[in-house]
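> Have a peek at my_file.txt (compact mmCIF, C-alpha atoms and all ligand atoms).
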# COMPACT_ATOMS: atom_id res chain seq x y z
CA MET H 1 -45.42 -56.91 -49.86
CA GLY H 2 -42.28 -55.05 -48.91
CA VAL H 3 -43.21 -51.88 -50.77
CA GLU H 4 -46.05 -49.67 -49.69
CA VAL H 5 -48.67 -48.62 -52.19
CA PRO H 6 -48.40 -44.82 -52.56
CA SER H 7 -50.82 -42.97 -50.33
CA ALA H 8 -53.94 -41.61 -51.94
CA ASN H 9 -52.72 -38.02 -51.94
CA SER H 10 -49.24 -38.72 -53.25
CA ASP H 11 -48.33 -36.88 -56.39
CA VAL H 12 -47.58 -38.31 -59.78
CA LEU H 13 -44.61 -40.58 -59.29
CA PRO H 14 -41.98 -40.75 -62.04
CA GLN H 15 -39.85 -43.87 -61.80
CA GLN H 16 -36.24 -44.39 -62.80
CA PHE H 17 -35.35 -48.03 -63.23
CA ARG H 18 -31.94 -49.52 -62.71
CA ILE H 19 -30.40 -50.76 -65.93
CA ILE H 20 -28.65 -54.07 -65.52
CA GLY H 21 -26.39 -53.37 -68.44
CA ASP H 22 -23.25 -54.95 -69.73
CA GLU H 23 -21.30 -54.84 -72.99
CA ARG H 24 -24.15 -56.71 -74.71
CA GLY H 25 -26.72 -54.03 -73.95
CA GLY H 26 -29.37 -53.21 -71.40
CA LEU H 27 -31.81 -55.19 -69.31
CA ILE H 28 -34.42 -53.92 -66.89
CA SER H 29 -36.24 -56.10 -64.40
CA LEU H 30 -39.64 -55.18 -63.01
CA GLU H 31 -40.53 -57.10 -59.91
CA CYS H 32 -43.51 -56.95 -57.57
CA ALA H 33 -42.61 -55.59 -54.15
CA ASP H 34 -39.33 -54.26 -55.54
CA ASN H 35 -39.85 -51.60 -58.20
CA VAL H 36 -43.53 -52.39 -58.81
CA PRO H 37 -45.56 -51.49 -55.71
CA PHE H 38 -48.56 -53.67 -56.48
CA VAL H 39 -49.26 -57.20 -57.57
CA VAL H 40 -49.45 -57.21 -61.37
CA LYS H 41 -52.65 -58.81 -62.64
CA ARG H 42 -52.50 -57.56 -66.22
CA VAL H 43 -50.03 -56.22 -68.76
CA TYR H 44 -51.08 -54.51 -71.97
CA TYR H 45 -49.25 -52.48 -74.56
CA ILE H 46 -50.18 -49.85 -77.07
CA PHE H 47 -48.36 -49.74 -80.40
CA ASN H 48 -48.84 -48.67 -84.03
CA THR H 49 -50.57 -45.55 -82.77
CA GLN H 50 -51.58 -43.50 -85.77
CA ALA H 51 -50.30 -39.98 -86.34
CA ASP H 52 -51.94 -37.24 -84.28
CA VAL H 53 -53.90 -39.73 -82.20
CA SER H 54 -54.24 -39.07 -78.47
CA ARG H 55 -55.51 -41.75 -76.11
CA GLY H 56 -56.58 -42.18 -72.54
CA PHE H 57 -58.92 -39.42 -71.37
CA HIS H 58 -60.06 -41.38 -68.36
CA ALA H 59 -59.28 -42.13 -64.73
CA HIS H 60 -59.68 -45.30 -62.72
CA ARG H 61 -61.53 -45.61 -59.45
CA ASP H 62 -59.22 -48.24 -57.96
CA LEU H 63 -56.72 -49.42 -60.53
CA GLN H 64 -53.04 -48.58 -60.21
CA GLN H 65 -50.75 -48.72 -63.20
CA LEU H 66 -47.11 -48.42 -64.10
CA ALA H 67 -46.50 -47.11 -67.62
CA ILE H 68 -43.24 -47.40 -69.55
CA CYS H 69 -42.38 -46.68 -73.16
CA VAL H 70 -40.22 -49.71 -73.90
CA ALA H 71 -39.62 -48.23 -77.38
CA GLY H 72 -40.14 -44.74 -78.75
CA LYS H 73 -41.81 -42.05 -76.73
CA CYS H 74 -45.05 -40.37 -75.78
CA ARG H 75 -46.18 -37.58 -73.50
CA MET H 76 -48.46 -38.38 -70.60
CA THR H 77 -50.63 -35.72 -69.07
CA LEU H 78 -51.59 -36.59 -65.51
CA ASP H 79 -54.18 -34.69 -63.54
CA ASP H 80 -55.15 -35.26 -59.90
CA GLY H 81 -58.13 -32.92 -60.11
CA GLN H 82 -56.12 -29.96 -58.87
CA SER H 83 -53.16 -29.71 -61.19
CA ARG H 84 -51.87 -31.17 -64.43
CA GLN H 85 -48.42 -32.47 -65.08
CA ASP H 86 -46.77 -33.61 -68.28
CA VAL H 87 -44.35 -36.52 -68.14
CA TRP H 88 -42.33 -37.57 -71.17
CA LEU H 89 -41.86 -41.32 -71.32
CA ASP H 90 -38.95 -41.40 -73.71
CA SER H 91 -36.65 -44.11 -72.46
CA PRO H 92 -37.15 -47.74 -71.39
CA ASP H 93 -35.62 -46.93 -68.01
CA LYS H 94 -38.30 -44.34 -67.23
CA GLY H 95 -41.77 -45.02 -66.01
CA VAL H 96 -44.63 -43.36 -64.26
CA LEU H 97 -46.71 -44.78 -61.46
CA ILE H 98 -50.31 -43.77 -61.82
CA ARG H 99 -52.41 -44.28 -58.74
CA ASN H 100 -56.18 -44.40 -58.70
CA LEU H 101 -58.22 -41.25 -59.40
CA ILE H 102 -55.70 -39.70 -61.75
CA TRP H 103 -56.96 -38.44 -65.08
CA ARG H 104 -54.55 -39.48 -67.83
CA GLU H 105 -54.07 -38.55 -71.43
CA MET H 106 -51.40 -39.81 -73.82
CA HIS H 107 -50.21 -37.54 -76.61
CA ASP H 108 -47.42 -37.17 -79.17
CA PHE H 109 -46.79 -40.88 -79.75
CA SER H 110 -43.73 -41.49 -81.86
CA GLU H 111 -44.24 -43.86 -84.77
CA ASP H 112 -42.17 -46.54 -83.06
CA CYS H 113 -43.78 -46.11 -79.64
CA VAL H 114 -44.60 -49.22 -77.64
CA LEU H 115 -46.25 -48.12 -74.41
CA MET H 116 -46.35 -50.97 -71.93
CA VAL H 117 -48.62 -50.78 -68.91
CA LEU H 118 -48.57 -52.98 -65.83
CA ALA H 119 -51.88 -52.95 -64.00
CA SER H 120 -52.98 -53.96 -60.52
CA GLY H 121 -56.30 -55.38 -61.72
CA HIS H 122 -58.04 -57.17 -64.52
CA TYR H 123 -59.79 -55.15 -67.20
CA ASP H 124 -63.01 -53.80 -65.71
CA GLU H 125 -65.00 -51.16 -67.54
CA SER H 126 -66.89 -50.26 -64.34
CA ASP H 127 -63.61 -49.02 -62.84
CA TYR H 128 -63.26 -46.37 -65.58
CA ILE H 129 -64.33 -42.75 -65.21
CA ARG H 130 -64.49 -41.52 -68.78
CA ASP H 131 -66.09 -38.14 -68.20
CA TYR H 132 -63.86 -35.36 -66.85
CA ASP H 133 -66.59 -33.61 -64.83
CA SER H 134 -67.53 -36.92 -63.19
CA PHE H 135 -63.85 -37.43 -62.38
CA LEU H 136 -63.68 -34.02 -60.68
CA LYS H 137 -66.81 -34.85 -58.68
CA GLU H 138 -65.41 -38.19 -57.51
CA VAL H 139 -62.14 -36.55 -56.50
CA SER H 140 -63.91 -33.80 -54.58
CA HIS H 141 -66.11 -36.35 -52.83
CA GLY H 142 -62.92 -37.77 -51.40
CA LYS H 143 -63.43 -41.22 -52.83
CA LYS H 144 -59.69 -41.76 -53.04
P1 LIG H 201 -59.00 -47.88 -73.35
O1 LIG H 201 -58.52 -48.21 -71.97
O2 LIG H 201 -60.19 -47.00 -73.47
O3 LIG H 201 -57.81 -47.28 -74.20
P2 LIG H 201 -57.05 -45.87 -74.08
O4 LIG H 201 -57.29 -45.34 -72.71
O5 LIG H 201 -55.64 -46.21 -74.34
O6 LIG H 201 -57.54 -44.96 -75.10
O7 LIG H 201 -59.25 -49.24 -74.12
C1 LIG H 201 -59.58 -49.29 -75.48
C2 LIG H 201 -60.44 -50.52 -75.72
O8 LIG H 201 -59.72 -51.70 -75.40
C3 LIG H 201 -61.70 -50.53 -74.87
O9 LIG H 201 -62.75 -51.02 -75.68
C4 LIG H 201 -61.42 -51.52 -73.79
C5 LIG H 201 -60.41 -52.46 -74.41
N1 LIG H 201 -59.43 -52.97 -73.44
C6 LIG H 201 -59.46 -54.30 -73.06
O10 LIG H 201 -60.31 -55.09 -73.51
N2 LIG H 201 -58.53 -54.76 -72.17
C7 LIG H 201 -57.59 -53.95 -71.65
O11 LIG H 201 -56.75 -54.40 -70.83
C8 LIG H 201 -57.58 -52.56 -72.03
C9 LIG H 201 -56.57 -51.61 -71.46
C10 LIG H 201 -58.51 -52.12 -72.92
Let me see the structure of the file written as C-alpha cells.

Amino acid sequence: MGVEVPSANSDVLPQQFRIIGDERGGLISLECADNVPFVVKRVYYIFNTQADVSRGFHAHRDLQQLAICVAGKCRMTLDDGQSRQDVWLDSPDKGVLIRNLIWREMHDFSEDCVLMVLASGHYDESDYIRDYDSFLKEVSHGKK
C-alpha cells in the first residue's frame, strides 16, 4: 500500500476529495492506497434515518472507517477519550477518517441523508465497544 495508515495517536482526520467534474456534473473516485488508506472489506450506508434519531454511540477496537454523506448531511461527534470534535458531513466531497478507538456518534441527520461508510473489516460485533466507560478504560490502557 502506498498510503500509510494513520498512526494510533493521530487526530480525527477530515478528508477533502478531489471532484472530477465537468459540464455534466461531479464524480468522485475512492481508491485504496490513494484516498482510502486501508483495504476496503465492507461498505454500508445509512439512509431513511427518522427525525431526531441519533446513531453510533460506540467505538471499534481495530476497525478503521471512512464516512461520507453522499447525499444530505449529518453531524459526527468524534471522541478519542480526551477530547470531542464535531464534524459536519454535508457534501459528497467531504469525508472523515475514523481510526480505531474513536467513540463516534451521528446526529442531526437530514431527511435525505445517505451516509456511506467504507470499512477496513467485515462486520464483527466483538470489535465493538458499546459502553462509553469501557471505551475510556481501553483507551487509557493504551490498547491503541
Ligand atoms: P450499528 O453499527 O450498531 O449501527 P449504528 O452505529 O449506526 O447505530 O448496527 C446496527 C445493526 O446493524 C446491528 O444489529 C448490527 C447490524 N450491522 C450489520 O449486520 N452489518 C454491518 O455492516 C453494520 C454496520 C451493522
> If the limit is 9 Å from any atom of ligand LIG 201 (chain H), counting only C-alpha atoms and all ligand atoms, which residues qualify? Return them as a ChimeraX atom specification.
/H:42-46,54-59,104-106,117,119,122-125,128,130
> Which residues are near Leu118 (chain H)? Cut-off 12 Å, only C-alpha atoms, ignore same chain within fewer than 4 positions. Put them as a PyMOL selection string.
chain H and resi 30-32+35-46+63-69+95-99+122-123
> From the set H:Phe109, H:Trp88, H:Phe17, H:Trp103, which residue has the shortest atom-to-atom contact distance to Asn48 (chain H), counting all atoms listed in the file?
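Among H:Phe109, H:Trp88, H:Phe17, H:Trp103, it is H:Phe109 that comes nearest to Asn48 (chain H).
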> Between H:Ala51, H:Cys113, H:Leu27, H:Leu101, which has the minimum distance to Gly142 (chain H) (counting only C-alpha atoms)?
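Answer, going by the shortest atom-to-atom distance: H:Leu101.
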> Choose the residue, out of H:Asp93, H:Asp86, H:Cys74, H:His107, that has the smallest atom-to-atom separation from Ile20 (chain H); count only C-alpha atoms.
H:Asp93
